[in-house]
>>> print(open('final23.cif').read())   # mmCIF, C-alpha atoms
data_protein
loop_
_atom_site.label_atom_id
_atom_site.label_comp_id
_atom_site.auth_asym_id
_atom_site.auth_seq_id
_atom_site.Cartn_x
_atom_site.Cartn_y
_atom_site.Cartn_z
CA MET A 1 -33.33 52.36 26.89
CA THR A 2 -30.80 49.55 27.34
CA ASP A 3 -27.20 50.59 27.83
CA ALA A 4 -24.94 49.26 25.05
CA ARG A 5 -22.36 48.36 27.66
CA SER A 6 -24.85 46.09 29.46
CA ALA A 7 -25.75 44.14 26.30
CA PRO A 8 -24.65 40.47 26.43
CA PRO A 9 -21.55 39.73 24.35
CA LEU A 10 -21.93 37.75 21.16
CA LEU A 11 -19.46 35.20 22.50
CA ASP A 12 -18.53 34.72 26.14
CA ALA A 13 -15.00 33.77 27.14
CA GLY A 14 -15.62 30.07 26.79
CA GLY A 15 -17.43 30.41 23.47
CA PHE A 16 -14.71 32.67 22.07
CA ALA A 17 -12.03 30.18 23.09
CA ALA A 18 -13.90 27.35 21.37
CA PHE A 19 -14.36 29.56 18.31
CA ARG A 20 -10.61 30.27 18.17
CA ARG A 21 -9.75 26.58 18.60
CA TRP A 22 -11.93 25.74 15.62
CA TRP A 23 -11.03 28.61 13.29
CA GLY A 24 -7.63 29.70 14.56
CA ASP A 25 -6.44 33.28 14.90
CA HIS A 26 -7.59 34.39 11.42
CA ALA A 27 -11.22 33.33 11.63
CA ILE A 28 -12.65 35.91 9.24
CA ALA A 29 -10.03 35.29 6.55
CA GLN A 30 -10.54 31.54 6.79
CA ALA A 31 -14.33 31.90 6.62
CA VAL A 32 -14.03 34.08 3.51
CA ALA A 33 -11.62 31.61 1.89
CA LEU A 34 -13.94 28.68 2.67
CA ALA A 35 -16.93 30.52 1.23
CA PHE A 36 -14.96 31.41 -1.91
CA ALA A 37 -13.78 27.81 -2.41
CA THR A 38 -17.33 26.50 -1.93
CA ALA A 39 -18.72 29.00 -4.43
CA LEU A 40 -15.98 28.13 -6.96
CA VAL A 41 -16.68 24.40 -6.71
CA ALA A 42 -20.44 25.01 -7.03
CA TRP A 43 -19.87 27.22 -10.09
CA LEU A 44 -17.67 24.63 -11.78
CA ALA A 45 -20.14 21.83 -11.03
CA ALA A 46 -23.03 23.91 -12.42
CA ASN A 47 -21.06 24.64 -15.60
CA VAL A 48 -20.23 20.96 -16.11
CA ILE A 49 -23.83 19.86 -15.58
CA GLY A 50 -25.12 22.65 -17.83
CA SER A 51 -22.69 21.66 -20.61
CA MET A 52 -23.75 18.02 -20.33
CA HIS A 53 -27.43 19.00 -20.62
CA ARG A 54 -26.71 21.11 -23.72
CA LEU A 55 -25.05 18.07 -25.31
CA GLY A 56 -28.06 15.93 -24.49
CA MET A 57 -26.24 14.03 -21.73
CA ALA A 58 -27.88 13.54 -18.36
CA PRO A 59 -25.47 12.92 -15.46
CA SER A 60 -26.24 9.43 -14.26
CA LEU A 61 -24.62 6.25 -12.96
CA ASP A 62 -27.09 4.03 -14.80
CA TYR A 63 -24.31 2.88 -17.10
CA LEU A 64 -22.95 0.74 -14.23
CA SER A 65 -25.77 -1.75 -14.78
CA GLN A 66 -25.29 -1.91 -18.56
CA PRO A 67 -23.35 -4.82 -20.11
CA ALA A 68 -19.64 -4.20 -20.72
CA ASN A 69 -18.63 -5.48 -24.15
CA PHE A 70 -14.92 -5.97 -23.44
CA ASP A 71 -12.76 -8.65 -21.88
CA ILE A 72 -10.26 -8.30 -19.04
CA SER A 73 -7.18 -10.47 -19.40
CA GLU A 74 -6.41 -10.71 -15.69
CA SER A 75 -9.03 -10.99 -12.97
CA LEU A 76 -9.38 -12.20 -9.39
CA LEU A 77 -13.12 -12.65 -10.03
CA VAL A 78 -14.95 -14.58 -12.68
CA TYR A 79 -15.60 -12.02 -15.40
CA HIS A 80 -16.84 -12.34 -18.96
CA ALA A 81 -17.63 -9.81 -21.67
CA GLY A 82 -21.26 -8.81 -21.20
CA ASP A 83 -21.11 -8.53 -17.43
CA PRO A 84 -22.18 -5.15 -16.00
CA TYR A 85 -19.76 -2.25 -15.98
CA ALA A 86 -19.95 -2.29 -12.17
CA ARG A 87 -18.39 -5.77 -12.12
CA ALA A 88 -15.73 -4.71 -14.62
CA ILE A 89 -14.81 -1.74 -12.41
CA LEU A 90 -14.70 -4.05 -9.37
CA VAL A 91 -12.26 -6.30 -11.25
CA GLY A 92 -10.11 -3.24 -11.99
CA VAL A 93 -10.19 -2.20 -8.32
CA LEU A 94 -9.08 -5.66 -7.20
CA ASN A 95 -6.26 -5.69 -9.75
CA THR A 96 -5.12 -2.29 -8.50
CA LEU A 97 -5.23 -3.43 -4.86
CA LYS A 98 -3.40 -6.66 -5.69
CA LEU A 99 -0.61 -4.74 -7.39
CA ALA A 100 -0.46 -2.03 -4.71
CA ILE A 101 -0.32 -4.47 -1.78
CA ALA A 102 2.27 -6.70 -3.42
CA GLY A 103 4.33 -3.69 -4.51
CA CYS A 104 4.28 -2.06 -1.06
CA ALA A 105 5.28 -5.31 0.65
CA LEU A 106 8.11 -6.07 -1.78
CA ALA A 107 9.40 -2.48 -1.89
CA THR A 108 9.39 -2.32 1.91
CA ALA A 109 11.27 -5.61 2.30
CA ILE A 110 13.91 -4.66 -0.27
CA GLY A 111 14.18 -1.04 0.83
CA VAL A 112 14.56 -1.78 4.54
CA ALA A 113 17.25 -4.37 3.85
CA LEU A 114 19.16 -1.99 1.58
CA GLY A 115 18.76 0.97 3.94
CA VAL A 116 20.11 -0.96 6.92
CA ALA A 117 22.92 -2.47 4.84
CA ARG A 118 23.95 0.96 3.56
CA VAL A 119 24.69 2.24 7.08
CA ALA A 120 26.32 -1.01 8.21
CA GLY A 121 29.81 0.39 7.62
CA ASN A 122 30.91 -1.69 4.62
CA PRO A 123 32.25 0.80 2.03
CA LEU A 124 31.88 -1.53 -0.97
CA LEU A 125 28.32 -2.55 -0.08
CA SER A 126 27.36 1.03 0.71
CA GLY A 127 28.76 2.20 -2.64
CA LEU A 128 26.86 -0.43 -4.61
CA ILE A 129 23.60 0.40 -2.85
CA SER A 130 24.21 4.12 -3.36
CA ALA A 131 24.71 3.55 -7.10
CA TYR A 132 21.48 1.55 -7.31
CA VAL A 133 19.55 4.23 -5.41
CA GLU A 134 20.84 7.04 -7.60
CA ILE A 135 20.09 5.18 -10.84
CA ALA A 136 16.59 4.12 -9.76
CA ARG A 137 15.55 7.48 -8.33
CA ASN A 138 16.91 9.56 -11.22
CA THR A 139 15.30 7.48 -13.98
CA PRO A 140 11.64 8.10 -14.90
CA LEU A 141 9.34 5.38 -13.60
CA THR A 142 7.62 5.17 -16.98
CA LEU A 143 10.95 4.38 -18.64
CA GLN A 144 11.64 1.70 -16.04
CA LEU A 145 8.26 0.09 -16.68
CA PHE A 146 8.97 -0.01 -20.42
CA PHE A 147 12.33 -1.62 -19.62
CA TRP A 148 10.74 -4.36 -17.50
CA ILE A 149 8.00 -5.16 -20.01
CA ALA A 150 10.70 -5.34 -22.71
CA MET A 151 12.64 -7.75 -20.49
CA THR A 152 9.60 -10.04 -20.26
CA HIS A 153 9.46 -10.14 -24.07
CA THR A 154 13.06 -11.35 -24.19
CA LEU A 155 12.35 -14.37 -21.99
CA PRO A 156 12.45 -17.77 -23.71
CA PRO A 157 9.33 -19.75 -24.69
CA VAL A 158 7.71 -22.08 -22.21
CA ARG A 159 9.61 -25.18 -23.30
CA GLN A 160 12.94 -23.42 -22.61
CA ALA A 161 11.73 -21.49 -19.57
CA LEU A 162 14.36 -20.22 -17.14
CA GLN A 163 14.47 -21.76 -13.66
CA PRO A 164 16.16 -19.40 -11.16
CA PHE A 165 15.35 -21.91 -8.40
CA PRO A 166 13.49 -25.27 -8.32
CA HIS A 167 9.84 -25.22 -9.39
CA ALA A 168 9.99 -21.58 -10.55
CA TYR A 169 9.70 -20.75 -14.25
CA LEU A 170 10.31 -17.54 -16.18
CA SER A 171 8.98 -17.53 -19.72
CA VAL A 172 7.51 -15.18 -22.25
CA ARG A 173 4.06 -16.21 -21.02
CA GLY A 174 4.73 -15.08 -17.47
CA VAL A 175 6.21 -16.07 -14.13
CA TYR A 176 5.22 -19.29 -12.35
CA LEU A 177 5.96 -19.81 -8.65
CA PRO A 178 5.09 -22.43 -5.99
CA TRP A 179 1.94 -21.64 -4.03
CA LEU A 180 0.17 -22.90 -0.92
CA THR A 181 -3.43 -23.98 -1.53
CA VAL A 182 -6.28 -25.01 0.77
CA ASP A 183 -7.48 -28.51 -0.08
CA SER A 184 -10.33 -28.89 2.43
CA GLY A 185 -12.10 -27.00 5.17
CA GLU A 186 -12.61 -23.27 5.58
CA ILE A 187 -10.06 -20.49 5.60
CA TRP A 188 -11.60 -18.79 8.67
CA PRO A 189 -9.32 -20.57 11.20
CA ILE A 190 -6.31 -19.05 9.46
CA LEU A 191 -7.81 -15.57 9.67
CA ALA A 192 -8.64 -16.20 13.32
CA LEU A 193 -5.03 -17.23 13.88
CA PHE A 194 -3.69 -13.92 12.57
CA VAL A 195 -6.26 -11.87 14.49
CA ALA A 196 -5.52 -13.75 17.73
CA LEU A 197 -1.80 -13.29 17.24
CA ILE A 198 -2.16 -9.53 16.71
CA VAL A 199 -4.47 -9.13 19.73
CA VAL A 200 -2.23 -11.13 22.06
CA VAL A 201 0.95 -9.37 20.94
CA ARG A 202 -0.60 -5.93 21.41
CA PHE A 203 -1.95 -6.89 24.85
CA VAL A 204 1.37 -8.28 26.06
CA HIS A 205 3.30 -5.35 24.57
CA LYS A 206 1.08 -2.83 26.38
CA ARG A 207 1.39 -4.65 29.68
CA LEU A 208 5.17 -4.92 29.45
CA ALA A 209 5.63 -1.43 27.93
CA ARG A 210 8.78 -2.61 26.13
CA PRO A 211 9.75 -4.69 23.07
CA LEU A 212 9.41 -8.46 23.48
CA ARG A 213 12.43 -10.68 23.91
CA ALA A 214 12.96 -13.79 21.78
CA THR A 215 11.67 -16.20 24.47
CA GLU A 216 8.67 -13.97 25.11
CA TRP A 217 7.90 -13.93 21.39
CA LEU A 218 7.86 -17.73 21.36
CA LEU A 219 5.51 -17.83 24.36
CA VAL A 220 3.17 -15.23 22.87
CA VAL A 221 3.03 -17.02 19.50
CA ALA A 222 2.31 -20.32 21.28
CA LEU A 223 -0.53 -18.79 23.33
CA ALA A 224 -2.04 -17.18 20.25
CA THR A 225 -1.74 -20.20 17.96
CA VAL A 226 -2.95 -23.02 20.21
CA PRO A 227 -6.71 -22.22 19.95
CA SER A 228 -6.55 -21.67 16.20
CA ALA A 229 -4.38 -24.78 15.73
CA LEU A 230 -6.98 -26.89 17.56
CA TRP A 231 -9.70 -25.35 15.41
CA ILE A 232 -7.71 -26.18 12.27
CA VAL A 233 -7.22 -29.80 13.42
CA PHE A 234 -10.86 -30.42 14.28
CA ASP A 235 -12.14 -28.54 11.23
CA GLY A 236 -10.08 -30.76 8.94
CA LEU A 237 -8.33 -27.91 7.19
CA GLY A 238 -5.82 -29.30 4.72
CA PHE A 239 -3.01 -27.60 2.84
CA SER A 240 -0.83 -28.64 -0.04
CA LEU A 241 2.06 -27.06 -1.90
CA ASP A 242 1.02 -26.47 -5.49
CA LEU A 243 4.17 -26.72 -7.59
CA PRO A 244 4.21 -25.51 -11.20
CA ALA A 245 5.38 -28.06 -13.77
CA LEU A 246 5.91 -28.21 -17.52
CA ARG A 247 3.05 -29.96 -19.30
CA GLY A 248 3.33 -29.96 -23.07
CA PHE A 249 3.59 -26.39 -24.28
CA ASN A 250 2.50 -24.72 -21.04
CA VAL A 251 3.20 -24.58 -17.32
CA VAL A 252 0.41 -25.81 -15.07
CA GLY A 253 -0.07 -25.38 -11.33
CA GLY A 254 1.39 -22.92 -8.87
CA LEU A 255 0.96 -19.18 -8.87
CA SER A 256 1.08 -17.60 -12.31
CA LEU A 257 1.87 -13.94 -12.92
CA THR A 258 1.16 -12.46 -16.31
CA PRO A 259 4.06 -10.63 -18.03
CA GLU A 260 2.26 -7.30 -17.56
CA PHE A 261 1.69 -7.82 -13.84
CA ALA A 262 5.24 -9.10 -13.34
CA ALA A 263 6.66 -6.06 -15.15
CA MET A 264 4.53 -3.66 -13.09
CA LEU A 265 5.46 -5.39 -9.85
CA ALA A 266 9.17 -5.36 -10.70
CA GLY A 267 9.15 -1.74 -11.85
CA LEU A 268 7.23 -0.37 -8.85
CA SER A 269 9.20 -2.47 -6.36
CA VAL A 270 12.61 -1.51 -7.73
CA TYR A 271 11.74 2.18 -7.99
CA TYR A 272 10.13 2.55 -4.58
CA ALA A 273 12.63 0.26 -2.87
CA ALA A 274 15.24 2.90 -3.69
CA ASN A 275 13.06 5.57 -2.07
CA THR A 276 12.45 3.33 0.93
CA ALA A 277 16.18 2.67 1.30
CA GLU A 278 16.85 6.40 1.43
CA ILE A 279 14.06 6.91 3.96
CA VAL A 280 15.41 4.14 6.21
CA ARG A 281 18.96 5.46 5.87
CA SER A 282 17.95 9.01 6.79
CA GLY A 283 15.90 7.71 9.72
CA LEU A 284 18.76 5.65 11.11
CA GLN A 285 21.25 8.48 10.64
CA SER A 286 18.93 10.90 12.46
CA VAL A 287 19.69 8.99 15.68
CA THR A 288 22.90 10.29 17.25
CA ARG A 289 25.93 8.03 17.58
CA GLY A 290 25.69 8.43 21.32
CA GLN A 291 22.69 6.09 21.29
CA TRP A 292 24.80 3.36 19.67
CA GLU A 293 27.59 3.95 22.18
CA ALA A 294 25.17 3.80 25.09
CA GLY A 295 23.83 0.48 23.82
CA ARG A 296 27.34 -0.92 23.48
CA ALA A 297 28.13 0.27 27.01
CA LEU A 298 25.20 -1.83 28.24
CA GLY A 299 26.65 -4.87 26.50
CA LEU A 300 24.00 -5.10 23.78
CA SER A 301 24.82 -6.54 20.38
CA ARG A 302 24.59 -4.34 17.29
CA LEU A 303 21.34 -6.04 16.24
CA ARG A 304 19.75 -5.53 19.67
CA ILE A 305 20.84 -1.88 19.71
CA LEU A 306 19.21 -1.43 16.31
CA GLN A 307 16.03 -3.18 17.43
CA LEU A 308 15.63 -1.71 20.93
CA VAL A 309 17.29 1.71 20.79
CA VAL A 310 17.85 3.09 17.30
CA LEU A 311 14.90 1.88 15.23
CA PRO A 312 12.16 3.08 17.66
CA GLN A 313 13.68 6.57 17.54
CA ALA A 314 14.22 6.45 13.79
CA MET A 315 10.54 5.70 13.21
CA ARG A 316 9.70 9.34 13.89
CA VAL A 317 11.45 10.15 10.61
CA ILE A 318 10.58 6.97 8.71
CA THR A 319 6.82 6.74 9.33
CA PRO A 320 5.58 10.01 7.72
CA LEU A 321 7.78 9.52 4.67
CA MET A 322 6.69 5.89 4.25
CA THR A 323 3.08 7.09 4.22
CA SER A 324 3.81 9.20 1.17
CA THR A 325 5.74 6.33 -0.43
CA TYR A 326 2.86 3.87 -0.04
CA LEU A 327 0.34 6.38 -1.38
CA ASP A 328 2.55 7.31 -4.32
CA LEU A 329 3.08 3.64 -5.20
CA THR A 330 -0.67 3.02 -5.08
CA LYS A 331 -1.36 5.99 -7.36
CA ASP A 332 1.39 4.98 -9.77
CA THR A 333 -0.38 1.68 -10.41
CA THR A 334 -2.33 3.77 -12.93
CA LEU A 335 0.74 3.60 -15.19
CA GLY A 336 -0.18 -0.01 -15.89
CA VAL A 337 -2.33 1.23 -18.75
CA LEU A 338 0.91 2.08 -20.60
CA ILE A 339 2.17 -1.51 -20.73
CA GLY A 340 -1.12 -3.37 -21.01
CA PHE A 341 -1.87 -4.25 -17.38
CA THR A 342 -5.64 -3.98 -16.88
CA GLU A 343 -6.00 -2.10 -13.61
CA LEU A 344 -8.69 0.37 -12.61
CA THR A 345 -7.57 3.22 -14.87
CA ALA A 346 -7.57 0.98 -17.94
CA VAL A 347 -11.09 -0.25 -17.12
CA ILE A 348 -12.30 3.32 -16.54
CA LYS A 349 -10.73 4.49 -19.81
CA THR A 350 -12.40 1.71 -21.79
CA SER A 351 -15.74 2.31 -20.02
CA ALA A 352 -15.63 6.02 -20.79
CA ASN A 353 -14.90 5.38 -24.48
CA ASN A 354 -17.69 2.80 -24.78
CA THR A 355 -20.42 4.59 -22.84
CA GLY A 356 -19.62 8.26 -23.39
CA ASN A 357 -20.05 8.88 -19.66
CA ALA A 358 -16.61 10.42 -19.28
CA VAL A 359 -17.42 12.65 -16.31
CA GLU A 360 -19.17 9.90 -14.35
CA THR A 361 -16.43 7.35 -14.95
CA ILE A 362 -13.68 9.78 -13.93
CA LEU A 363 -15.70 10.63 -10.82
CA VAL A 364 -15.85 6.92 -9.96
CA LEU A 365 -12.07 6.72 -10.42
CA VAL A 366 -11.53 9.68 -8.07
CA VAL A 367 -13.84 8.24 -5.43
CA VAL A 368 -12.17 4.82 -5.54
CA PHE A 369 -8.67 6.22 -5.12
CA LEU A 370 -9.83 8.44 -2.28
CA ALA A 371 -11.44 5.40 -0.65
CA ILE A 372 -8.08 3.61 -0.91
CA SER A 373 -5.74 6.46 0.03
CA LEU A 374 -7.59 8.08 2.93
CA PRO A 375 -7.89 4.92 5.13
CA VAL A 376 -4.22 4.06 4.47
CA SER A 377 -3.15 7.59 5.42
CA ALA A 378 -5.39 7.55 8.51
CA ALA A 379 -4.02 4.17 9.66
CA ILE A 380 -0.38 5.21 9.33
CA ASN A 381 -1.07 8.57 10.98
CA ALA A 382 -2.69 6.70 13.88
CA TYR A 383 0.45 4.59 14.15
CA ASN A 384 2.57 7.74 14.14
CA ARG A 385 0.44 9.20 16.94
CA ALA A 386 0.95 5.99 18.91
CA LEU A 387 4.70 6.45 18.50
CA ALA A 388 4.36 10.04 19.70
CA ARG A 389 2.53 8.91 22.84
CA ARG A 390 5.43 6.58 23.59
CA GLY A 391 7.86 9.47 23.07
CA TYR A 392 9.43 8.14 19.84
CA ALA A 393 7.94 10.64 17.37
CA THR A 394 7.56 14.36 17.27
CA ARG A 395 4.20 15.63 18.36
#
>>> encode(input="final23.cif", output="structure tokens")
Amino acid sequence: MTDARSAPPLLDAGGFAAFRRWWGDHAIAQAVALAFATALVAWLAANVIGSMHRLGMAPSLDYLSQPANFDISESLLVYHAGDPYARAILVGVLNTLKLAIAGCALATAIGVALGVARVAGNPLLSGLISAYVEIARNTPLTLQLFFWIAMTHTLPPVRQALQPFPHAYLSVRGVYLPWLTVDSGEIWPILALFVALIVVVRFVHKRLARPLRATEWLLVVALATVPSALWIVFDGLGFSLDLPALRGFNVVGGLSLTPEFAAMLAGLSVYYAANTAEIVRSGLQSVTRGQWEAGRALGLSRLRILQLVVLPQAMRVITPLMTSTYLDLTKDTTLGVLIGFTELTAVIKTSANNTGNAVETILVLVVVFLAISLPVSAAINAYNRALARRGYATR
């Protein structure tokens, strides 16, 4: 009879260590919690499917190939009523991405400028920015969106359109701005130019292991742009500045933004610029004053101290919070349905009302937003880990 003490252990030392790394110190509790969550989700899914069958509804995505009998006022693709629901949803996704990307870029530019200006030491400027931040952050975003769409309705007609600067028009029909267009050739050389620039900058930055100086930036940009510039010349790529102009009772040419899109862009940018300004301010103030004094002792200007010493250290505070800001802005594009901007949620809502496939359409909405949010979060987390490897962020 085999002695119990001589029986092989269920997990040797190495296997137990790997088990603990995977499950942590409370393996049994976590396993029970995971099993309970899985069973709960399975029970809810079974109830939903059973209820749909009792109502004579079979869960299916076949509706995506059916014709959609509604129009979309704003689209980056050619879309007409009668196109499949799949194309209508794609139009909504592109409208959401267009608004999210433009909003993140504009909110970042405004917020960073305001955050840096607030800690610059000017009491009057700091007070004005503080007042703006408090008003924007303590007012509901929905109310701000209603305010901006109301402002677009107060704009004059096209013939009396406002011109804040040359060749820019603000009217009740929308906003018209100058735009750069491609007259001939392919756009691929331009994309190659940006890719080459990013690759060369990253390579040089890794080799030098320090931020680039102004002269080095010029050299890097020249090395990265010469091949693409030659490609552009030989490919015959031509550009022209498309300027909007009054023609009769309308404005033709340039980049046109509908009142709904302009109101959404203004509302999201103003609201999240205030959040970004606070994030930048807190990040800069997290760096001790001794860092500024050390930079001044080395003879660096205030701008160089900010660029080389303070900002790299402040990024450990700024980066995680900016991740949440970008994701929140992207999710708040769904409020466009309140003021008539046709983004993904509006398309999903109309599709659910027309087809009766409410569960399937909401599931598509969830999947799309996860497909947008998870890669963005992963990319910014990867950037934060890169900062940690260089010693700028907390591990």
>>> atom_distance(input="final23.cif", atom1="atom CA of A:Gly248", atom2="atom CA of A:Val158")
9.1 Å
>>> residues_around(input="final23.cif", residues="stretch 251-258 of chain A", least_positions_apart="4", cutoff="10 Å", atoms="all atoms listed in the file", output="short mmCIF file (atom, residue, chain, number, x, y, z; two decimals) with C-alpha atoms, in the frame of the given file")
data_model
loop_
_atom_site.label_atom_id
_atom_site.label_comp_id
_atom_site.auth_asym_id
_atom_site.auth_seq_id
_atom_site.Cartn_x
_atom_site.Cartn_y
_atom_site.Cartn_z
CA SER A 73 -7.18 -10.47 -19.40
CA GLU A 74 -6.41 -10.71 -15.69
CA THR A 152 9.60 -10.04 -20.26
CA VAL A 158 7.71 -22.08 -22.21
CA ARG A 159 9.61 -25.18 -23.30
CA ALA A 161 11.73 -21.49 -19.57
CA HIS A 167 9.84 -25.22 -9.39
CA ALA A 168 9.99 -21.58 -10.55
CA TYR A 169 9.70 -20.75 -14.25
CA LEU A 170 10.31 -17.54 -16.18
CA SER A 171 8.98 -17.53 -19.72
CA VAL A 172 7.51 -15.18 -22.25
CA ARG A 173 4.06 -16.21 -21.02
CA GLY A 174 4.73 -15.08 -17.47
CA VAL A 175 6.21 -16.07 -14.13
CA TYR A 176 5.22 -19.29 -12.35
CA LEU A 177 5.96 -19.81 -8.65
CA PRO A 178 5.09 -22.43 -5.99
CA TRP A 179 1.94 -21.64 -4.03
CA LEU A 180 0.17 -22.90 -0.92
CA THR A 181 -3.43 -23.98 -1.53
CA LEU A 241 2.06 -27.06 -1.90
CA ASP A 242 1.02 -26.47 -5.49
CA LEU A 243 4.17 -26.72 -7.59
CA PRO A 244 4.21 -25.51 -11.20
CA ALA A 245 5.38 -28.06 -13.77
CA LEU A 246 5.91 -28.21 -17.52
CA ARG A 247 3.05 -29.96 -19.30
CA ALA A 262 5.24 -9.10 -13.34
CA ALA A 263 6.66 -6.06 -15.15
CA MET A 264 4.53 -3.66 -13.09
CA LEU A 265 5.46 -5.39 -9.85
CA PHE A 341 -1.87 -4.25 -17.38
#
>>> atom_distance(input="final23.cif", atom1="atom CA of A:Ser269", atom2="atom CA of A:Thr342")
18.3 Å
>>> residues_around(input="final23.cif", residues="A:Ala117", least_positions_apart="4", cutoff="9 Å", atoms="only C-alpha atoms", output="list of chain:residue names")
A:Val112, A:Ala113, A:Gly121, A:Asn122, A:Leu125, A:Ser126, A:Ile129, A:Arg281
>>> resolve_selection(input="final23.cif", expression="the PyMOL selection byres ((chain A and resi 133-137) around 9)", output="number ranges by chain")
A: 128-132, 138-141, 144, 270-275, 277-278
>>> atom_distance(input="final23.cif", atom1="atom CA of A:Leu311", atom2="atom CA of A:Val195")
25.2 Å
>>> axis_aligned_box(input="final23.cif", around="stretch 277-281 of chain A", padding_each_side="4 Å", output="lines of an AutoDock Vina configuration file")
center_x = 16.5
center_y = 4.8
center_z = 3.8
size_x = 12.9
size_y = 12.2
size_z = 12.9
>>> closest_atom_pairs(input="final23.cif", of="stretch 266-307 of chain A", to="stretch 314-331 of chain A", cutoff="9 Å", atoms="only C-alpha atoms", output="tab-separated table")
residue	atom	partner	partner_atom	distance
A:Leu268	CA	A:Leu329	CA	6.8
A:Ser269	CA	A:Leu329	CA	8.7
A:Tyr272	CA	A:Thr325	CA	7.1
A:Asn275	CA	A:Thr325	CA	7.5
A:Thr276	CA	A:Met322	CA	7.1
A:Ile279	CA	A:Ile318	CA	5.9
A:Val280	CA	A:Ile318	CA	6.1
A:Arg281	CA	A:Ile318	CA	9.0
A:Ser282	CA	A:Val317	CA	7.6
A:Gly283	CA	A:Ala314	CA	4.6
A:Leu284	CA	A:Ala314	CA	5.3
A:Gln285	CA	A:Ala314	CA	8.0
A:Ser286	CA	A:Ala314	CA	6.6
A:Val287	CA	A:Ala314	CA	6.3
>>> resolve_selection(input="final23.cif", expression="the PyMOL selection byres ((chain A and resi 339) around 10)", output="mmCIF file with C-alpha atoms, in the coordinates of the input")
data_model
loop_
_atom_site.group_PDB
_atom_site.id
_atom_site.type_symbol
_atom_site.label_atom_id
_atom_site.label_comp_id
_atom_site.auth_asym_id
_atom_site.auth_seq_id
_atom_site.Cartn_x
_atom_site.Cartn_y
_atom_site.Cartn_z
ATOM 1 C CA THR A 142 7.620 5.170 -16.980
ATOM 2 C CA LEU A 145 8.260 0.090 -16.680
ATOM 3 C CA PHE A 146 8.970 -0.010 -20.420
ATOM 4 C CA TRP A 148 10.740 -4.360 -17.500
ATOM 5 C CA ILE A 149 8.000 -5.160 -20.010
ATOM 6 C CA ALA A 150 10.700 -5.340 -22.710
ATOM 7 C CA PRO A 259 4.060 -10.630 -18.030
ATOM 8 C CA GLU A 260 2.260 -7.300 -17.560
ATOM 9 C CA PHE A 261 1.690 -7.820 -13.840
ATOM 10 C CA ALA A 263 6.660 -6.060 -15.150
ATOM 11 C CA MET A 264 4.530 -3.660 -13.090
ATOM 12 C CA LEU A 335 0.740 3.600 -15.190
ATOM 13 C CA GLY A 336 -0.180 -0.010 -15.890
ATOM 14 C CA VAL A 337 -2.330 1.230 -18.750
ATOM 15 C CA LEU A 338 0.910 2.080 -20.600
ATOM 16 C CA GLY A 340 -1.120 -3.370 -21.010
ATOM 17 C CA PHE A 341 -1.870 -4.250 -17.380
ATOM 18 C CA THR A 342 -5.640 -3.980 -16.880
#
>>> resolve_selection(input="final23.cif", expression="the PyMOL selection byres ((chain A and resi 372) around 12)", output="number ranges by chain")
A: 93-94, 96-97, 100-101, 326-331, 365-371, 373-379
>>> closest_residue(input="final23.cif", among="A:Thr345, A:Gln30, A:Gln163, A:Thr333", to="A:Cys104", atoms="only C-alpha atoms")
A:Thr333
>>> residues_around(input="final23.cif", residues="A:Ala294", least_positions_apart="5", cutoff="12 Å", atoms="all atoms listed in the file", output="list of chain:residue names")
A:Thr288, A:Arg289, A:Gly299, A:Leu300, A:Ser301, A:Arg302, A:Ile305, A:Leu306, A:Leu308, A:Val309, A:Val310
